[in-house]
$ cat protein_30.txt   # compact mmCIF, C-alpha atoms
# COMPACT_ATOMS: atom_id res chain seq x y z
CA MET T 255 0.94 -20.11 12.25
CA ILE T 256 1.44 -21.17 8.60
CA LYS T 257 -2.01 -19.83 7.75
CA ASN T 258 -1.13 -16.44 9.25
CA ILE T 259 2.19 -16.41 7.35
CA LEU T 260 0.23 -16.96 4.12
CA LYS T 261 -2.13 -14.15 5.07
CA GLY T 262 0.91 -11.95 5.71
CA ILE T 263 2.25 -12.77 2.24
CA VAL T 264 -1.06 -11.65 0.68
CA ILE T 265 -1.00 -8.42 2.70
CA GLY T 266 2.63 -7.86 1.73
CA LEU T 267 1.81 -8.40 -1.94
CA ALA T 268 -1.02 -5.88 -1.68
CA ASN T 269 1.21 -3.31 0.01
CA VAL T 270 3.93 -3.62 -2.65
CA ILE T 271 1.56 -3.26 -5.63
CA PRO T 272 0.49 0.38 -6.30
CA GLY T 273 -3.23 0.95 -5.90
CA VAL T 274 -3.88 -2.27 -4.01
CA SER T 275 -4.80 -1.86 -0.36
CA GLY T 276 -3.20 -4.04 2.29
CA GLY T 277 -5.88 -2.79 4.69
CA THR T 278 -8.62 -4.07 2.36
CA MET T 279 -6.92 -7.47 2.23
CA MET T 280 -6.86 -7.52 6.04
CA VAL T 281 -10.61 -6.80 6.08
CA SER T 282 -11.38 -9.43 3.42
CA MET T 283 -9.43 -12.10 5.36
CA GLY T 284 -11.19 -11.24 8.61
CA ILE T 285 -8.12 -10.18 10.61
CA TYR T 286 -8.28 -6.38 10.42
CA ASP T 287 -9.92 -5.67 13.79
CA LYS T 288 -7.70 -8.17 15.61
CA LEU T 289 -4.54 -6.88 13.93
CA ILE T 290 -5.29 -3.26 14.86
CA HIS T 291 -6.16 -4.36 18.42
CA CYS T 292 -2.87 -6.27 18.77
CA ILE T 293 -0.88 -3.26 17.53
CA THR T 294 -2.64 -0.78 19.85
CA HIS T 295 -2.42 -3.18 22.83
CA LEU T 296 1.05 -4.57 22.08
CA PHE T 297 2.58 -3.79 25.46
CA SER T 298 -0.48 -4.47 27.62
CA GLU T 299 -1.07 -7.85 25.90
CA LEU T 300 2.51 -8.54 24.84
CA LYS T 301 2.58 -12.35 24.48
CA LYS T 302 -0.83 -12.61 22.81
CA SER T 303 -0.07 -9.76 20.41
CA ILE T 304 3.37 -11.08 19.40
CA LEU T 305 2.02 -14.60 18.77
CA PHE T 306 -0.56 -13.14 16.39
CA LEU T 307 1.54 -10.42 14.72
CA LEU T 308 4.86 -12.27 14.26
CA PRO T 309 3.76 -14.79 11.57
CA ILE T 310 1.87 -12.06 9.70
CA PHE T 311 4.93 -9.79 9.66
CA ILE T 312 7.12 -12.75 8.58
CA GLY T 313 4.78 -13.30 5.63
CA MET T 314 4.82 -9.60 4.76
CA GLY T 315 8.63 -9.65 4.89
CA ILE T 316 8.77 -12.58 2.48
CA ALA T 317 6.53 -10.72 0.02
CA VAL T 318 8.54 -7.49 0.29
CA VAL T 319 11.79 -9.37 -0.47
CA VAL T 320 10.47 -11.42 -3.41
CA VAL T 321 7.87 -9.24 -5.17
CA PRO T 322 9.97 -6.15 -6.07
CA PHE T 323 11.97 -8.12 -8.66
CA GLY T 324 8.79 -9.02 -10.57
CA ILE T 325 7.25 -5.55 -10.23
CA GLU T 326 10.35 -3.84 -11.60
CA PHE T 327 10.35 -6.21 -14.60
CA LEU T 328 6.67 -5.47 -15.32
CA PHE T 329 7.19 -1.70 -15.18
CA ALA T 330 10.29 -1.88 -17.37
CA GLU T 331 8.93 -4.21 -20.07
CA TYR T 332 5.13 -3.81 -19.95
CA PRO T 333 4.25 -0.45 -18.32
CA PHE T 334 0.82 -0.06 -19.99
CA GLN T 335 -0.29 -3.57 -19.06
CA ALA T 336 1.14 -3.23 -15.53
CA ASN T 337 -0.79 -0.01 -14.93
CA LEU T 338 -4.02 -1.60 -16.19
CA LEU T 339 -3.43 -4.62 -13.98
CA PHE T 340 -3.19 -2.32 -10.97
CA VAL T 341 -6.30 -0.40 -12.05
CA GLY T 342 -8.16 -3.72 -12.25
CA LEU T 343 -6.99 -4.60 -8.75
CA ILE T 344 -8.27 -1.26 -7.46
CA ILE T 345 -11.67 -1.54 -9.14
CA GLY T 346 -12.04 -5.16 -8.03
CA GLY T 347 -11.47 -4.17 -4.41
CA PHE T 348 -14.21 -1.51 -4.55
CA PRO T 349 -17.19 -3.82 -3.77
CA ALA T 350 -15.63 -4.89 -0.45
CA VAL T 351 -15.60 -1.26 0.70
CA TRP T 352 -18.96 -0.38 -0.92
CA LYS T 353 -20.65 -3.06 1.24
CA LYS T 354 -19.71 -1.01 4.29
CA VAL T 355 -21.85 1.98 3.19
CA LYS T 356 -24.54 0.23 1.14
CA GLY T 357 -28.02 0.58 2.63
CA ASN T 358 -27.13 3.60 4.77
CA SER T 359 -28.46 7.09 4.08
CA VAL T 360 -25.97 9.41 2.39
CA ARG T 361 -25.32 12.68 4.19
CA THR T 362 -23.70 15.86 2.93
CA GLY T 363 -20.67 15.17 5.13
CA HIS T 364 -20.20 11.79 3.47
CA ILE T 365 -20.12 13.40 0.02
CA ILE T 366 -17.70 16.09 1.23
CA ALA T 367 -15.38 13.41 2.65
CA CYS T 368 -15.51 11.43 -0.60
CA VAL T 369 -14.96 14.41 -2.93
CA GLY T 370 -12.34 15.94 -0.63
CA PHE T 371 -10.13 12.84 -0.60
CA PHE T 372 -10.63 12.30 -4.34
CA ALA T 373 -9.44 15.87 -4.96
CA LEU T 374 -6.50 15.38 -2.59
CA VAL T 375 -5.07 12.38 -4.47
CA ALA T 376 -5.88 13.72 -7.95
CA GLY T 377 -4.40 17.09 -7.00
CA LEU T 378 -1.20 15.52 -5.71
CA ALA T 379 -0.88 13.61 -8.97
CA LEU T 380 -1.42 16.74 -11.07
CA LEU T 381 1.06 18.76 -9.04
CA GLY T 382 3.60 15.98 -8.68
CA ASP T 383 6.84 15.72 -10.62
CA THR T 384 7.52 12.79 -12.93
CA GLU T 385 7.65 9.68 -10.74
CA GLY T 386 11.09 9.07 -9.32
CA LYS T 387 12.62 12.47 -10.09
CA ALA T 388 11.49 14.00 -6.81
CA ALA T 389 13.08 11.29 -4.67
CA ASP T 390 16.18 12.24 -2.71
CA LEU T 391 18.23 9.13 -1.93
CA SER T 392 21.53 10.82 -1.13
CA LEU T 393 23.17 9.69 2.10
CA ASN T 394 22.83 12.72 4.38
CA PHE T 395 20.71 13.85 7.33
CA ILE T 396 18.12 15.77 5.26
CA SER T 397 17.60 12.80 2.95
CA ALA T 398 17.29 10.45 5.95
CA ALA T 399 14.70 12.76 7.52
CA LYS T 400 12.72 12.79 4.26
CA LEU T 401 12.90 9.00 4.01
CA PHE T 402 11.70 8.70 7.61
CA GLY T 403 8.73 10.98 6.83
CA VAL T 404 7.94 9.10 3.61
CA GLY T 405 8.00 5.83 5.59
CA VAL T 406 5.60 7.23 8.19
CA ILE T 407 3.11 8.42 5.54
CA ALA T 408 3.31 5.23 3.46
CA SER T 409 2.90 2.86 6.40
CA ALA T 410 0.11 4.92 7.94
CA THR T 411 -1.89 4.56 4.73
CA MET T 412 -1.03 0.85 4.44
CA VAL T 413 -3.24 -0.05 7.41
CA ILE T 414 -6.27 1.94 6.20
CA PRO T 415 -8.75 -0.21 4.22
CA GLY T 416 -9.08 0.94 0.62
CA VAL T 417 -5.95 3.06 0.71
CA SER T 418 -2.71 1.93 -0.92
CA GLY T 419 0.56 2.73 0.85
CA SER T 420 2.53 2.00 -2.32
CA MET T 421 0.17 4.32 -4.19
CA MET T 422 1.16 7.08 -1.78
CA LEU T 423 4.83 6.26 -2.42
CA LEU T 424 4.11 6.54 -6.15
CA LEU T 425 2.47 9.95 -5.66
CA MET T 426 5.41 11.18 -3.57
CA GLY T 427 7.89 10.01 -6.21
CA TYR T 428 9.53 7.35 -4.02
CA TYR T 429 7.92 4.09 -5.19
CA HIS T 430 10.34 3.01 -7.93
CA PRO T 431 13.46 4.38 -6.17
CA ILE T 432 12.61 2.45 -2.97
CA LEU T 433 11.76 -0.68 -4.97
CA GLU T 434 15.07 -0.46 -6.86
CA THR T 435 16.94 0.05 -3.58
CA ILE T 436 15.34 -3.11 -2.13
CA THR T 437 16.29 -5.22 -5.16
CA ASP T 438 19.84 -3.75 -5.24
CA PHE T 439 20.24 -4.36 -1.50
CA ILE T 440 19.11 -8.00 -1.76
CA SER T 441 21.44 -8.56 -4.71
CA ALA T 442 24.30 -6.97 -2.74
CA VAL T 443 23.60 -9.29 0.23
CA PHE T 444 23.81 -12.40 -1.96
CA ALA T 445 26.95 -11.06 -3.65
CA MET T 446 28.49 -10.08 -0.27
CA ASP T 447 29.03 -6.58 -1.65
CA MET T 448 29.64 -4.53 1.53
CA ASP T 449 29.52 -1.17 -0.25
CA GLY T 450 26.14 -2.07 -1.77
CA ILE T 451 24.87 -3.38 1.57
CA LEU T 452 25.89 -0.24 3.46
CA HIS T 453 24.46 2.03 0.77
CA GLY T 454 21.16 0.13 0.85
CA MET T 455 21.02 0.29 4.64
CA GLY T 456 21.62 4.04 4.53
CA ILE T 457 18.37 4.38 2.57
CA LEU T 458 16.25 1.52 3.90
CA VAL T 459 16.96 1.92 7.64
CA PRO T 460 15.47 5.44 8.04
CA PHE T 461 12.63 4.47 5.71
CA GLY T 462 12.02 1.27 7.71
CA ILE T 463 12.04 3.14 11.05
CA GLY T 464 9.46 5.53 9.59
CA VAL T 465 7.32 2.57 8.51
CA VAL T 466 7.30 1.10 12.03
CA VAL T 467 6.56 4.48 13.66
CA GLY T 468 3.78 5.16 11.14
CA ILE T 469 2.03 1.85 11.78
CA PHE T 470 1.96 2.33 15.54
CA ALA T 471 1.10 6.04 15.32
CA ILE T 472 -1.89 5.57 13.00
CA ALA T 473 -3.29 2.31 14.43
CA LYS T 474 -4.91 3.91 17.49
CA LEU T 475 -6.26 6.82 15.44
CA VAL T 476 -7.74 4.39 12.90
CA GLU T 477 -9.31 2.38 15.70
CA ILE T 478 -11.01 5.49 17.10
CA ILE T 479 -12.17 6.84 13.72
CA PHE T 480 -13.69 3.53 12.57
CA GLU T 481 -15.35 3.11 15.95
CA LYS T 482 -16.88 6.60 16.14
CA PHE T 483 -17.24 7.72 12.48
CA PRO T 484 -17.32 4.55 10.32
CA LEU T 485 -19.47 5.90 7.46
CA TYR T 486 -17.42 9.08 7.07
CA ALA T 487 -14.25 6.96 7.05
CA TYR T 488 -15.54 4.58 4.38
CA TRP T 489 -16.82 7.40 2.16
CA ALA T 490 -13.38 9.02 2.39
CA ILE T 491 -11.87 5.67 1.41
CA ILE T 492 -14.23 5.46 -1.60
CA GLY T 493 -12.93 8.85 -2.74
CA LEU T 494 -9.37 7.56 -2.44
CA ILE T 495 -10.17 4.37 -4.36
CA VAL T 496 -11.90 6.19 -7.24
CA SER T 497 -9.06 8.69 -7.56
CA SER T 498 -6.27 6.08 -7.54
CA PRO T 499 -6.65 4.92 -11.20
CA VAL T 500 -6.62 8.58 -12.27
CA ALA T 501 -3.44 9.17 -10.29
CA ILE T 502 -1.76 6.06 -11.71
CA PHE T 503 -2.06 7.27 -15.29
CA LEU T 504 -1.20 10.87 -14.39
CA MET T 505 1.97 9.82 -12.58
CA GLY T 506 3.10 6.66 -14.36
CA GLU T 507 4.65 5.84 -17.73
CA VAL T 508 2.59 3.86 -20.29
CA GLY T 509 5.19 3.29 -23.00
CA THR T 510 4.24 2.74 -26.65
CA ILE T 511 0.57 1.86 -27.11
CA THR T 512 -0.18 -0.66 -29.89
CA VAL T 513 -3.15 -2.87 -30.76
CA LEU T 514 -1.45 -5.79 -29.03
CA SER T 515 -0.73 -3.76 -25.91
CA VAL T 516 -4.38 -2.65 -25.74
CA ILE T 517 -5.58 -6.28 -26.00
CA THR T 518 -3.10 -7.56 -23.41
CA GLY T 519 -3.81 -4.51 -21.25
CA ALA T 520 -7.54 -5.28 -21.30
CA ALA T 521 -6.72 -8.86 -20.28
CA ALA T 522 -4.50 -7.57 -17.44
CA LEU T 523 -7.33 -5.26 -16.30
CA ALA T 524 -9.74 -8.22 -16.21
CA VAL T 525 -7.27 -10.44 -14.33
CA GLY T 526 -6.66 -7.72 -11.73
CA PHE T 527 -10.38 -7.08 -11.31
CA VAL T 528 -11.28 -10.75 -10.80
CA ALA T 529 -8.33 -11.38 -8.47
CA ALA T 530 -9.19 -8.44 -6.22
CA LEU T 531 -12.90 -9.28 -6.33
CA LYS T 532 -12.24 -12.84 -5.14
CA LEU T 533 -9.90 -11.71 -2.37
CA GLY T 534 -12.52 -9.23 -1.21
CA GLU T 535 -15.28 -11.85 -0.92
$ encode --input "protein_30.txt" --output "structure tokens"
Amino acid sequence: MIKNILKGIVIGLANVIPGVSGGTMMVSMGIYDKLIHCITHLFSELKKSILFLLPIFIGMGIAVVVVPFGIEFLFAEYPFQANLLFVGLIIGGFPAVWKKVKGNSVRTGHIIACVGFFALVAGLALLGDTEGKAADLSLNFISAAKLFGVGVIASATMVIPGVSGSMMLLLMGYYHPILETITDFISAVFAMDMDGILHGMGILVPFGIGVVVGIFAIAKLVEIIFEKFPLYAYWAIIGLIVSSPVAIFLMGEVGTITVLSVITGAAALAVGFVAALKLGE
């Protein structure tokens, strides 16, 4: 159980960091197929599924509570280095996905899937507003419906190998606002600030419901696609991976670039690359 909690923490870390794929971490740790099976057969194999999923979700919860504080600090103080760290994590995770298509003949459909998904992410980044400005966190029905939809999309992408759910939040303009809401909510809980707690719940509850619905809605579809069209799926994922660094710099802030920031940024890129490469082995 402790081992699965630790695996859940790694998956949670990956899902919180933009550009890093929780699905890829599941694959690299050898639990992806079983996790998807337990989600899609939750009610028919209830006890077995809960015993496997519960410690993983506990670990993910721990990561989601702790990590946002550090991520917000990195973005506020070292945006250029933080972005390069995430780019390194993306590039380092590429070999794990490339192994899935290596040695197979490349068809026209594979190229179309790759280019199509690259264009989708890059296009969203080009068309998107400055990150955070598009987010509607007002407490009303329309905002709650948007948050539910954002949760569905983000969580659906979280379980796909090579695709980053937090990256999708970044593209939709909700990453930093949601992260700030989580940190504010946790701080309000410790301070016993009821107004802050209720405000946080008004945002996080519809988003959280969307996350749960998205995971269960996409799991069966993912299972079918990877069973029937694995190469097309992985080529589409490659397109998403390659486009993610482009989207990060199109959507994110880099701050003031100096010689020191370039040197430390290069170091952050290397650290991210090696870390993701080792996790993907």
$ closest_atom_pairs --input "protein_30.txt" --of "region 279-338 of chain T" --to "region 489-507 of chain T" --cutoff "10 Å" --atoms "all atoms listed in the file" --output "tab-separated table"
residue	atom	partner	partner_atom	distance
T:Phe329	CA	T:Glu507	CA	8.4
T:Ala330	CA	T:Glu507	CA	9.6
T:Tyr332	CA	T:Glu507	CA	9.9
T:Pro333	CA	T:Glu507	CA	6.3
T:Phe334	CA	T:Glu507	CA	7.4
T:Ala336	CA	T:Glu507	CA	10.0
T:Asn337	CA	T:Ile502	CA	6.9
T:Leu338	CA	T:Pro499	CA	8.6
$ residues_around --input "protein_30.txt" --residues "Ile285 (chain T)" --least-positions-apart "6" --cutoff "12 Å" --atoms "all atoms listed in the file" --output "compact mmCIF listing (two decimals) with C-alpha atoms, in the frame of the given file"
# COMPACT_ATOMS: atom_id res chain seq x y z
CA LYS T 257 -2.01 -19.83 7.75
CA ASN T 258 -1.13 -16.44 9.25
CA LYS T 261 -2.13 -14.15 5.07
CA GLY T 262 0.91 -11.95 5.71
CA ILE T 265 -1.00 -8.42 2.70
CA GLY T 276 -3.20 -4.04 2.29
CA GLY T 277 -5.88 -2.79 4.69
CA THR T 278 -8.62 -4.07 2.36
CA MET T 279 -6.92 -7.47 2.23
CA HIS T 291 -6.16 -4.36 18.42
CA CYS T 292 -2.87 -6.27 18.77
CA PHE T 306 -0.56 -13.14 16.39
CA LEU T 307 1.54 -10.42 14.72
CA ILE T 310 1.87 -12.06 9.70
CA VAL T 413 -3.24 -0.05 7.41
CA PRO T 415 -8.75 -0.21 4.22
$ residues_near_point --input "protein_30.txt" --point "(-5.0, -4.9, -11.3)" --cutoff "12 Å" --atoms "only C-alpha atoms" --output "PyMOL selection string"
chain T and resi 268+271-275+334-348+498-499+502+519-531
$ atom_distance --input "protein_30.txt" --atom1 "CA of Ile312 (chain T)" --atom2 "CA of Leu260 (chain T)"
9.2 Å
$ closest_residue --input "protein_30.txt" --among "T:Gly419, T:Tyr488, T:Val264, T:Ile414" --to "Leu475 (chain T)" --atoms "only C-alpha atoms"
T:Ile414
$ closest_residue --input "protein_30.txt" --among "T:Val360, T:Ile440, T:Leu425, T:Val466" --to "Ala376 (chain T)" --atoms "only C-alpha atoms"
T:Leu425
$ residues_around --input "protein_30.txt" --residues "region 480-485 of chain T" --least-positions-apart "4" --cutoff "8 Å" --atoms "all atoms listed in the file" --output "list in words"
Lys354, Val355, His364, Val476 and Trp489 of chain T
$ closest_residue --input "protein_30.txt" --among "T:Ile256, T:Leu305, T:Val321, T:Leu393" --to "Pro460 (chain T)" --atoms "only C-alpha atoms"
T:Leu393
$ closest_residue --input "protein_30.txt" --among "T:Ala317, T:Leu289, T:Met255, T:Ala487" --to "Cys368 (chain T)" --atoms "only C-alpha atoms"
T:Ala487
$ atom_distance --input "protein_30.txt" --atom1 "CA of Met426 (chain T)" --atom2 "CA of Val406 (chain T)"
12.4 Å
$ atom_distance --input "protein_30.txt" --atom1 "CA of Met455 (chain T)" --atom2 "CA of Ser441 (chain T)"
12.9 Å
$ closest_residue --input "protein_30.txt" --among "T:Leu391, T:Met421, T:Leu308, T:Ile479" --to "His453 (chain T)" --atoms "all atoms listed in the file"
T:Leu391
$ closest_residue --input "protein_30.txt" --among "T:Ala408, T:Lys353, T:His295, T:Lys532" --to "Asn269 (chain T)" --atoms "only C-alpha atoms"
T:Ala408
$ residues_near_point --input "protein_30.txt" --point "(8.8, 5.9, 0.2)" --cutoff "7 Å" --atoms "only C-alpha atoms" --output "number ranges by chain"
T: 401, 404-405, 408, 423, 428-429, 432, 461
$ write_last_selection --input "protein_30.txt" --atoms "C-alpha atoms" --output "short mmCIF file (atom, residue, chain, number, x, y, z; two decimals), in the frame of the given file"
data_model
loop_
_atom_site.label_atom_id
_atom_site.label_comp_id
_atom_site.auth_asym_id
_atom_site.auth_seq_id
_atom_site.Cartn_x
_atom_site.Cartn_y
_atom_site.Cartn_z
CA LEU T 401 12.90 9.00 4.01
CA VAL T 404 7.94 9.10 3.61
CA GLY T 405 8.00 5.83 5.59
CA ALA T 408 3.31 5.23 3.46
CA LEU T 423 4.83 6.26 -2.42
CA TYR T 428 9.53 7.35 -4.02
CA TYR T 429 7.92 4.09 -5.19
CA ILE T 432 12.61 2.45 -2.97
CA PHE T 461 12.63 4.47 5.71
#
